[in-house]
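Raw structure24.csv, CSV, C-alpha atoms and all ligand atoms:
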chain,number,residue,atom,x,y,z
Q,1,MET,CA,0.0,0.0,0.0
Q,2,GLU,CA,2.9,2.3,0.8
Q,3,ASN,CA,4.7,1.3,-2.3
Q,4,LYS,CA,1.6,2.5,-4.2
Q,5,LYS,CA,2.3,6.1,-3.0
Q,6,ILE,CA,5.8,5.7,-4.3
Q,7,LEU,CA,4.5,4.6,-7.7
Q,8,GLU,CA,2.2,7.6,-7.8
Q,9,VAL,CA,5.1,10.0,-7.2
Q,10,LYS,CA,7.2,8.1,-9.7
Q,11,GLU,CA,4.4,8.6,-12.2
Q,12,LEU,CA,4.2,12.3,-11.5
Q,13,MET,CA,7.9,12.7,-11.9
Q,14,LYS,CA,7.8,11.0,-15.3
Q,15,ASN,CA,5.5,13.8,-16.5
Q,16,ASP,CA,7.2,16.6,-14.7
Q,17,LEU,CA,10.9,16.0,-15.4
Q,18,VAL,CA,10.9,17.1,-19.0
Q,19,ASP,CA,13.7,18.5,-21.2
Q,20,SER,CA,12.3,21.9,-22.1
Q,21,ILE,CA,12.1,23.9,-18.9
Q,22,ASP,CA,13.4,27.1,-17.6
Q,23,MET,CA,15.2,28.0,-14.4
Q,24,ASN,CA,12.0,29.1,-12.5
Q,25,GLU,CA,10.2,26.0,-13.4
Q,26,LEU,CA,13.1,23.9,-12.3
Q,27,ASN,CA,13.2,25.6,-8.9
Q,28,ASP,CA,9.4,25.1,-8.6
Q,29,LEU,CA,9.9,21.4,-9.2
Q,30,LYS,CA,12.6,21.3,-6.5
Q,31,VAL,CA,10.1,22.7,-4.1
Q,32,LYS,CA,7.4,20.4,-5.3
Q,33,TYR,CA,9.5,17.2,-4.7
Q,34,LEU,CA,12.3,18.1,-2.2
Q,35,GLY,CA,10.9,21.2,-0.4
Q,36,LYS,CA,9.8,21.0,3.3
Q,37,LYS,CA,6.4,19.7,2.2
Q,38,GLY,CA,7.7,18.1,-1.0
Q,39,LEU,CA,6.4,14.8,-2.3
Q,40,ILE,CA,9.7,12.9,-1.8
Q,41,THR,CA,10.2,14.6,1.6
Q,42,GLU,CA,6.8,13.5,2.7
Q,43,LEU,CA,7.4,9.9,1.5
Q,44,ASN,CA,10.6,10.0,3.6
Q,45,SER,CA,8.7,10.9,6.7
Q,46,GLU,CA,6.3,8.0,6.1
Q,47,ILE,CA,9.1,5.5,6.9
Q,48,LYS,CA,8.4,5.6,10.6
Q,49,ASN,CA,4.9,4.2,9.8
Q,50,ILE,CA,6.1,1.3,7.7
Q,51,PRO,CA,6.3,-2.1,9.4
Q,52,ASN,CA,9.8,-3.1,10.1
Q,53,GLU,CA,10.1,-5.8,7.4
Q,54,GLY,CA,9.1,-3.3,4.7
Q,55,LYS,CA,11.3,-0.3,6.0
Q,56,LYS,CA,14.4,-1.3,4.1
Q,57,GLU,CA,12.8,-1.7,0.7
Q,58,PHE,CA,10.6,1.4,1.2
Q,59,GLY,CA,13.7,3.4,2.1
Q,60,MET,CA,15.6,2.2,-1.0
Q,61,LEU,CA,12.8,3.1,-3.3
Q,62,VAL,CA,12.5,6.6,-1.8
Q,63,ASN,CA,16.2,7.0,-2.2
Q,64,GLU,CA,16.0,6.0,-5.8
Q,65,LEU,CA,13.4,8.7,-6.4
Q,66,ARG,CA,15.5,11.3,-4.7
Q,67,ASN,CA,18.5,10.3,-6.7
Q,68,GLU,CA,16.5,10.4,-9.9
Q,69,PHE,CA,15.3,13.9,-9.1
Q,70,ASN,CA,18.7,15.1,-8.0
Q,71,ASN,CA,20.3,13.8,-11.2
Q,72,TYR,CA,17.6,15.4,-13.3
Q,73,TYR,CA,18.0,18.7,-11.3
Q,74,ASP,CA,21.8,18.8,-11.6
Q,75,SER,CA,22.0,18.0,-15.3
Q,76,THR,CA,19.2,20.4,-16.2
Q,77,LYS,CA,20.7,23.2,-14.1
Q,78,GLU,CA,24.0,22.7,-15.8
Q,79,LYS,CA,22.4,22.8,-19.2
Q,80,LEU,CA,20.4,26.0,-18.4
Q,81,ASP,CA,23.5,27.7,-16.9
Q,82,SER,CA,25.5,27.1,-20.0
Q,83,ILE,CA,22.7,28.4,-22.2
Q,84,GLU,CA,22.5,31.5,-20.0
Q,85,LEU,CA,26.3,32.0,-20.2
Q,86,ASN,CA,26.3,31.8,-24.0
Q,87,LYS,CA,23.6,34.3,-24.2
Q,88,LYS,CA,25.5,36.7,-22.0
Q,89,LEU,CA,28.7,36.2,-24.0
Q,90,GLU,CA,26.9,36.8,-27.3
Q,91,SER,CA,25.3,40.0,-26.0
Q,92,GLU,CA,28.6,41.3,-24.8
Q,93,THR,CA,30.5,40.5,-27.9
Q,94,VAL,CA,32.4,43.5,-29.5
Q,95,ASP,CA,31.9,43.8,-33.2
Q,96,ILE,CA,35.3,44.7,-34.4
Q,97,THR,CA,34.0,45.3,-37.9
Q,98,LEU,CA,32.0,48.3,-36.8
Q,99,PRO,CA,33.5,51.7,-37.7
Q,100,SER,CA,35.2,53.3,-34.7
Q,101,THR,CA,34.6,56.7,-33.2
Q,102,LYS,CA,37.2,59.1,-34.4
Q,103,VAL,CA,39.9,59.9,-31.8
Q,104,LYS,CA,41.1,63.5,-31.9
Q,105,LEU,CA,44.9,63.5,-31.7
Q,106,GLY,CA,46.9,66.4,-30.3
Q,107,ALA,CA,49.1,68.2,-32.7
Q,108,PRO,CA,51.9,70.8,-32.6
Q,109,HIS,CA,51.0,74.5,-32.8
Q,110,ILE,CA,52.1,75.8,-36.2
Q,111,LEU,CA,54.3,78.4,-34.5
Q,112,GLU,CA,56.1,75.6,-32.6
Q,113,LYS,CA,56.4,73.6,-35.9
Q,114,VAL,CA,58.1,76.5,-37.7
Q,115,ILE,CA,60.4,77.0,-34.8
Q,116,GLU,CA,61.3,73.3,-34.8
Q,117,GLU,CA,62.1,73.5,-38.5
Q,118,VAL,CA,64.4,76.5,-37.9
Q,119,GLU,CA,66.1,74.6,-35.1
Q,120,ASP,CA,66.6,71.6,-37.3
Q,121,VAL,CA,68.3,73.7,-40.0
Q,122,PHE,CA,70.7,75.3,-37.5
Q,123,MET,CA,71.4,72.1,-35.6
Q,124,SER,CA,72.4,70.5,-38.9
Q,125,MET,CA,75.0,73.3,-39.1
Q,126,GLY,CA,76.3,72.6,-35.6
Q,127,TYR,CA,74.4,75.3,-33.7
Q,128,ASP,CA,73.2,74.8,-30.1
Q,129,VAL,CA,69.6,75.7,-29.2
Q,130,VAL,CA,69.8,77.7,-26.0
Q,131,ASP,CA,67.4,79.4,-23.6
Q,132,GLY,CA,67.3,82.6,-21.7
Q,133,PRO,CA,65.0,84.3,-19.1
Q,134,GLU,CA,61.9,86.2,-20.2
Q,135,ILE,CA,62.3,88.4,-17.1
Q,136,GLU,CA,65.5,90.1,-17.9
Q,137,GLU,CA,67.9,92.8,-16.5
Q,138,ASP,CA,68.2,96.1,-18.3
Q,139,LYS,CA,72.0,95.4,-18.3
Q,140,TYR,CA,71.5,92.4,-20.7
Q,141,ASN,CA,68.5,93.6,-22.7
Q,142,PHE,CA,70.1,97.0,-23.5
Q,143,GLU,CA,73.4,98.1,-21.9
Q,144,MET,CA,75.7,95.2,-22.9
Q,145,LEU,CA,74.2,95.4,-26.4
Q,146,ASN,CA,75.7,98.8,-26.8
Q,147,ILE,CA,72.4,100.6,-25.9
Q,148,PRO,CA,73.2,102.8,-22.9
Q,149,LYS,CA,70.7,104.4,-20.6
Q,150,GLY,CA,69.0,107.4,-22.3
Q,151,HIS,CA,69.8,106.2,-25.8
Q,152,PRO,CA,66.9,107.0,-28.2
Q,153,ALA,CA,67.0,103.4,-29.5
Q,154,ARG,CA,65.4,102.3,-26.3
Q,155,ASP,CA,62.2,104.2,-27.2
Q,156,ALA,CA,61.7,102.1,-30.3
Q,157,GLN,CA,61.2,99.1,-28.2
Q,158,ASP,CA,58.5,100.2,-25.9
Q,159,THR,CA,59.4,98.0,-22.9
Q,160,PHE,CA,57.4,96.5,-20.1
Q,161,TYR,CA,59.3,97.4,-16.9
Q,162,ILE,CA,58.7,95.3,-13.9
Q,163,GLU,CA,60.9,96.8,-11.2
Q,164,GLY,CA,62.0,100.4,-11.6
Q,165,GLU,CA,64.2,100.6,-14.6
Q,166,GLU,CA,66.4,97.6,-14.0
Q,167,ILE,CA,64.1,94.6,-14.3
Q,168,LEU,CA,61.9,94.2,-17.4
Q,169,LEU,CA,60.2,91.7,-19.7
Q,170,ARG,CA,62.8,91.2,-22.5
Q,171,SER,CA,61.9,93.3,-25.6
Q,172,GLN,CA,64.1,91.1,-27.8
Q,173,THR,CA,66.0,87.8,-27.6
Q,174,SER,CA,69.3,89.6,-28.2
Q,175,PRO,CA,70.2,89.6,-24.4
Q,176,VAL,CA,70.7,85.8,-24.8
Q,177,GLN,CA,73.7,86.7,-27.1
Q,178,VAL,CA,75.3,88.4,-24.1
Q,179,ARG,CA,74.5,85.6,-21.7
Q,180,THR,CA,75.9,83.1,-24.1
Q,181,MET,CA,79.2,85.0,-24.6
Q,182,LEU,CA,79.6,85.5,-20.8
Q,183,LYS,CA,79.4,81.7,-20.5
Q,184,GLY,CA,82.0,81.3,-23.2
Q,185,GLU,CA,84.4,83.4,-21.1
Q,186,GLY,CA,86.1,84.9,-24.2
Q,187,LYS,CA,87.6,81.5,-25.1
Q,188,THR,CA,85.1,79.2,-26.9
Q,189,PRO,CA,83.7,79.8,-30.3
Q,190,ILE,CA,79.9,80.2,-30.3
Q,191,ARG,CA,77.1,78.9,-32.5
Q,192,MET,CA,73.7,79.3,-31.0
Q,193,ILE,CA,70.2,80.1,-31.7
Q,194,CYS,CA,67.6,81.0,-29.1
Q,195,PRO,CA,63.9,80.9,-29.9
Q,196,GLY,CA,61.8,82.6,-27.2
Q,197,LYS,CA,59.0,84.9,-26.2
Q,198,THR,CA,59.5,88.7,-26.2
Q,199,TYR,CA,57.3,91.5,-25.1
Q,200,ARG,CA,56.6,95.1,-26.2
Q,201,ARG,CA,54.0,97.6,-25.2
Q,202,ASP,CA,52.3,97.5,-28.7
Q,203,ASP,CA,48.6,97.7,-29.2
Q,204,ASP,CA,47.5,94.4,-30.7
Q,205,ASP,CA,46.4,94.4,-34.3
Q,206,ALA,CA,46.8,92.3,-37.4
Q,207,SER,CA,50.5,92.8,-37.5
Q,208,HIS,CA,51.4,93.6,-33.8
Q,209,SER,CA,51.2,91.5,-30.7
Q,210,HIS,CA,52.4,92.6,-27.3
Q,211,GLN,CA,53.9,89.1,-26.9
Q,212,PHE,CA,55.7,87.5,-29.8
Q,213,MET,CA,58.3,84.9,-30.7
Q,214,GLN,CA,61.8,85.8,-31.8
Q,215,ILE,CA,64.5,83.6,-32.9
Q,216,GLU,CA,68.0,85.0,-32.1
Q,217,GLY,CA,71.2,83.7,-33.6
Q,218,LEU,CA,74.8,84.3,-32.8
Q,219,LEU,CA,78.0,82.9,-34.3
Q,220,VAL,CA,81.4,84.0,-32.8
Q,221,ASP,CA,84.7,82.6,-34.2
Q,222,LYS,CA,87.8,83.7,-36.0
Q,223,ASP,CA,87.6,85.6,-39.4
Q,224,ILE,CA,83.8,85.8,-39.6
Q,225,SER,CA,82.4,88.2,-42.1
Q,226,LEU,CA,79.1,89.4,-43.6
Q,227,SER,CA,79.4,86.8,-46.4
Q,228,ASP,CA,79.2,84.0,-43.8
Q,229,LEU,CA,76.0,85.5,-42.7
Q,230,LYS,CA,74.8,85.7,-46.3
Q,231,GLY,CA,75.5,82.0,-46.8
Q,232,THR,CA,73.8,81.1,-43.6
Q,233,MET,CA,70.6,83.0,-44.4
Q,234,ASP,CA,70.6,81.4,-47.9
Q,235,VAL,CA,70.7,77.9,-46.3
Q,236,LEU,CA,68.0,78.8,-43.8
Q,237,PHE,CA,65.5,80.2,-46.3
Q,238,LYS,CA,66.1,77.7,-49.1
Q,239,ARG,CA,65.5,74.9,-46.5
Q,240,LEU,CA,62.3,76.6,-45.2
Q,241,PHE,CA,60.7,77.8,-48.4
Q,242,GLY,CA,62.5,76.0,-51.3
Q,243,GLN,CA,65.6,76.1,-53.5
Q,244,ASN,CA,64.4,79.0,-55.7
Q,245,ILE,CA,64.1,81.4,-52.7
Q,246,GLU,CA,66.9,84.1,-52.8
Q,247,THR,CA,68.0,86.4,-50.1
Q,248,ARG,CA,69.4,89.9,-50.3
Q,249,PHE,CA,70.9,92.4,-47.8
Q,250,ARG,CA,69.9,96.0,-47.4
Q,251,PRO,CA,71.9,98.4,-45.2
Q,252,SER,CA,70.3,99.0,-41.8
Q,253,TYR,CA,71.2,100.2,-38.3
Q,254,TYR,CA,71.3,98.3,-35.0
Q,255,GLN,CA,73.5,99.3,-32.0
Q,256,PHE,CA,74.9,95.9,-31.5
Q,257,THR,CA,76.0,95.2,-35.1
Q,258,GLU,CA,78.3,97.0,-37.5
Q,259,PRO,CA,77.6,96.9,-40.3
Q,260,SER,CA,73.9,96.1,-39.9
Q,261,VAL,CA,71.5,94.7,-42.5
Q,262,GLU,CA,68.0,93.8,-43.2
Q,263,VAL,CA,67.6,90.4,-44.9
Q,264,ASP,CA,64.9,90.2,-47.6
Q,265,ILE,CA,63.8,87.0,-49.2
Q,266,THR,CA,62.0,86.4,-52.4
Q,267,CYS,CA,58.2,86.8,-51.8
Q,268,VAL,CA,56.9,83.4,-51.0
Q,269,ASN,CA,53.5,84.4,-52.1
Q,270,CYS,CA,54.2,85.5,-55.7
Q,271,HIS,CA,57.8,84.1,-56.1
Q,272,GLY,CA,59.2,87.5,-56.9
Q,273,LYS,CA,56.6,88.6,-59.5
Q,274,GLY,CA,55.0,91.2,-57.2
Q,275,CYS,CA,51.8,91.0,-55.2
Q,276,ASN,CA,50.1,92.8,-52.4
Q,277,VAL,CA,52.0,90.8,-49.7
Q,278,CYS,CA,55.4,92.2,-51.0
Q,279,LYS,CA,53.8,95.5,-52.1
Q,280,ASN,CA,54.8,94.6,-55.6
Q,281,SER,CA,58.5,94.6,-54.8
Q,282,GLY,CA,58.9,90.8,-55.1
Q,283,TRP,CA,60.8,90.9,-51.7
Q,284,VAL,CA,59.8,90.7,-48.1
Q,285,THR,CA,62.0,91.7,-45.1
Q,286,VAL,CA,62.3,89.0,-42.6
Q,287,VAL,CA,65.5,89.3,-40.5
Q,288,GLY,CA,67.5,92.0,-38.8
Q,289,ALA,CA,71.2,91.1,-38.7
Q,290,GLY,CA,74.8,92.2,-38.9
Q,291,VAL,CA,78.4,91.7,-37.9
Q,292,VAL,CA,78.7,91.8,-34.1
Q,293,HIS,CA,79.8,95.3,-32.9
Q,294,PRO,CA,83.3,95.3,-31.3
Q,295,ASN,CA,81.9,97.0,-28.2
Q,296,VAL,CA,79.5,94.1,-27.7
Q,297,LEU,CA,82.2,91.5,-28.1
Q,298,ARG,CA,84.4,93.4,-25.7
Q,299,MET,CA,81.8,94.0,-23.0
Q,300,SER,CA,81.0,90.2,-23.0
Q,301,GLY,CA,84.7,89.2,-22.7
Q,302,TYR,CA,85.6,88.5,-26.3
Q,303,ASP,CA,88.6,90.4,-27.6
Q,304,PRO,CA,87.5,92.0,-30.9
Q,305,GLU,CA,91.1,91.8,-32.2
Q,306,VAL,CA,90.8,88.0,-32.0
Q,307,TRP,CA,87.2,87.2,-32.4
Q,308,SER,CA,84.5,88.2,-34.9
Q,309,GLY,CA,80.9,87.1,-35.4
Q,310,PHE,CA,77.5,87.7,-36.9
Q,311,ALA,CA,74.1,87.9,-35.2
Q,312,PHE,CA,70.6,87.9,-36.4
Q,313,GLY,CA,67.1,88.0,-35.1
Q,314,PHE,CA,63.7,87.5,-36.6
Q,315,GLY,CA,60.0,87.0,-35.7
Q,316,ALA,CA,58.8,83.4,-35.8
Q,317,GLU,CA,55.2,84.6,-36.5
Q,318,ARG,CA,56.3,86.3,-39.7
Q,319,LEU,CA,57.7,83.1,-41.0
Q,320,ALA,CA,54.7,81.0,-39.9
Q,321,MET,CA,52.3,83.5,-41.5
Q,322,MET,CA,54.1,83.2,-44.8
Q,323,LYS,CA,54.3,79.5,-44.6
Q,324,TYR,CA,50.7,78.9,-43.6
Q,325,ASP,CA,49.2,81.9,-45.4
Q,326,ILE,CA,47.9,83.6,-42.3
Q,327,ASN,CA,47.3,87.3,-42.4
Q,328,ASP,CA,46.6,88.2,-38.7
Q,329,ILE,CA,49.3,87.7,-36.0
Q,330,ARG,CA,46.6,87.4,-33.4
Q,331,THR,CA,45.6,84.0,-35.0
Q,332,PHE,CA,48.5,82.4,-33.1
Q,333,TYR,CA,47.3,83.6,-29.7
Q,334,ASN,CA,43.6,83.2,-29.8
Q,335,ALA,CA,42.9,79.6,-28.8
Q,336,ASP,CA,41.1,78.5,-32.0
Q,337,LEU,CA,42.7,75.1,-32.4
Q,338,ARG,CA,41.4,74.7,-35.9
Q,339,GLU,CA,43.6,77.7,-36.9
Q,340,VAL,CA,46.8,76.8,-35.1
Q,341,HIS,CA,47.0,73.0,-35.3
Q,342,THR,CA,49.1,71.6,-38.1
Q,343,PHE,CA,47.1,68.4,-37.8
Q,344,ASP,CA,43.8,70.0,-38.7
Q,345,ARG,CA,45.4,71.7,-41.7
Q,346,GLU,CA,46.9,68.5,-43.1
Q,347,ASP,CA,43.5,66.9,-42.4
Q,348,GLU,CA,41.7,69.5,-44.5
Q,349,GLU,CA,44.0,69.0,-47.5
I,401,LIG,N1,66.8,92.4,-31.7
I,401,LIG,C1,66.4,93.0,-32.9
I,401,LIG,C2,65.0,93.4,-32.8
I,401,LIG,O1,64.3,92.9,-32.0
I,401,LIG,C3,66.6,92.1,-34.1
I,401,LIG,C4,68.1,91.9,-34.4
I,401,LIG,C5,68.7,92.7,-35.3
I,401,LIG,C6,68.8,90.9,-33.7
I,401,LIG,C7,70.1,92.5,-35.6
I,401,LIG,C8,70.1,90.7,-34.0
I,401,LIG,C9,70.7,91.5,-34.9
I,401,LIG,O2,70.8,89.7,-33.5
I,401,LIG,O3,72.0,91.3,-35.2
I,401,LIG,O4,64.5,94.2,-33.6

For this file, write the structure as structure tokens.
Amino acid sequence: MENKKILEVKELMKNDLVDSIDMNELNDLKVKYLGKKGLITELNSEIKNIPNEGKKEFGMLVNELRNEFNNYYDSTKEKLDSIELNKKLESETVDITLPSTKVKLGAPHILEKVIEEVEDVFMSMGYDVVDGPEIEEDKYNFEMLNIPKGHPARDAQDTFYIEGEEILLRSQTSPVQVRTMLKGEGKTPIRMICPGKTYRRDDDDASHSHQFMQIEGLLVDKDISLSDLKGTMDVLFKRLFGQNIETRFRPSYYQFTEPSVEVDITCVNCHGKGCNVCKNSGWVTVVGAGVVHPNVLRMSGYDPEVWSGFAFGFGAERLAMMKYDINDIRTFYNADLREVHTFDREDEE
């Protein structure tokens, strides 16, 4: 009679333990058969009512049912878990064939790029790239460049003074000439360029900026003449703008060079034919330069009887404007990255 109950449960299990089932249904089945009031649990608690001789067999049959259910439960759970896992993996798969979102790369500022090009040219000729302070002493910015106090040439460079008349924002990179010669102690030849920020009390407009970039150059050695400067300028501008670019010298005046010159180059815009950039002359002035004044050599410890040299200085913005066809110097200093990033320019082309 008790075995009949077992057969009933066995019959129920036959119908219940099917293949297609989900996790919730499986858990419901577990409650139905093995829960506190589950069918197999209840059979188990019947044992105490079974006469002794039948206990063993009854117990075995109940055990068989429990094992059958557990086997079913374990294998079905394993199957459902792996289906679940695969679904998850599939949904999280990255499709590497989809187009990617564009990554914006950083890029050098065009002014920096031009400066680097100039540095490359001079380094290939054995020059050092040196640095000097932007907050400078009057002594280096003017006096030791042969521009004594009260000299009218000071007025031309409307200077930002910081402390009295002695400390200022350098109005040119020329003081780095003096600092470099002082380091050379009158003994070592010098080949240096110095790119750096300079400051003047100009009102900002299309061609003026109160802060701008100069590149200074100084060469001191034995028997140096103006023709060495000419050759050097030729190399620089042919490398920057192409082999058909010529340079010419026009007489000029600076306190720290004698003779002094302005260096013109073939107009990059019209290649010498004449246009509004060169005011129809075919030439544009880009550099101030000359043979280093004996006073300047002497004040910095180089004997002008032994040493001679040339120096030059030019605005980096001018070159960058010519190179990248920019007509407003303020372009470099407003933060519009589309204007000043070489990357975006190359991208547009
Ligand atoms: N320092 C000059 C200026 O700012 C430029 C210059 C002229 C630099 C002649 C030089 C030079 O080294 O020899 O206008």

Q | Nearest-residue call for Q:Ile326, choices Q:Met144, Q:Met233, Q:Val277, Q:Ala289, using all atoms listed in the file | A |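 Checking each of Q:Met144, Q:Met233, Q:Val277, Q:Ala289 against Q:Ile326, counting all atoms listed in the file, the winner is Q:Val277.
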
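Once Q:Arg248 and its same-chain neighbours fewer than 5 positions away are set aside, Lys230, Asp234, Glu262, Val263, Asp264, Ile265, Thr266 and Trp283 of chain Q remain within 9 Å of it when counting only C-alpha atoms.
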
Could you write those residues out with C-alpha atoms, as an mmCIF file, in the frame of the given file?
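And here's selection.cif as it stands now:
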data_model
loop_
_atom_site.group_PDB
_atom_site.id
_atom_site.type_symbol
_atom_site.label_atom_id
_atom_site.label_comp_id
_atom_site.auth_asym_id
_atom_site.auth_seq_id
_atom_site.Cartn_x
_atom_site.Cartn_y
_atom_site.Cartn_z
ATOM 1 C CA LYS Q 230 74.800 85.700 -46.300
ATOM 2 C CA ASP Q 234 70.600 81.400 -47.900
ATOM 3 C CA GLU Q 262 68.000 93.800 -43.200
ATOM 4 C CA VAL Q 263 67.600 90.400 -44.900
ATOM 5 C CA ASP Q 264 64.900 90.200 -47.600
ATOM 6 C CA ILE Q 265 63.800 87.000 -49.200
ATOM 7 C CA THR Q 266 62.000 86.400 -52.400
ATOM 8 C CA TRP Q 283 60.800 90.900 -51.700
#

Q | Residue nearest ligand LIG 401 (chain I) among Q:Glu258, Q:Glu8, Q:Glu185, Q:Asp131 (counting all atoms listed in the file) | A |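 So, comparing all the options, the nearest one is Q:Glu258.
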
Q. So which residues are close to (58.4, 88.0, -54.5), meaning at most 12 Å away in the file's coordinates with all atoms listed in the file counted, and can you show them as a ChimeraX atom specification?
A. /Q:244-248,264-285,322

Q: Would you work out the distance separating atom CA of Q:Val261 from atom CA of Q:Phe312, expressed in Å to one decimal?
A: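 That distance, rounded to one decimal, is 9.2 Å.
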
Q: Could you tell me which of Q:Asn49, Q:Ser124, Q:Thr97, Q:Asn63 comes closest to Q:Leu236 if we count all atoms listed in the file?
A: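 Under the stated criterion, the closest residue is Q:Ser124.
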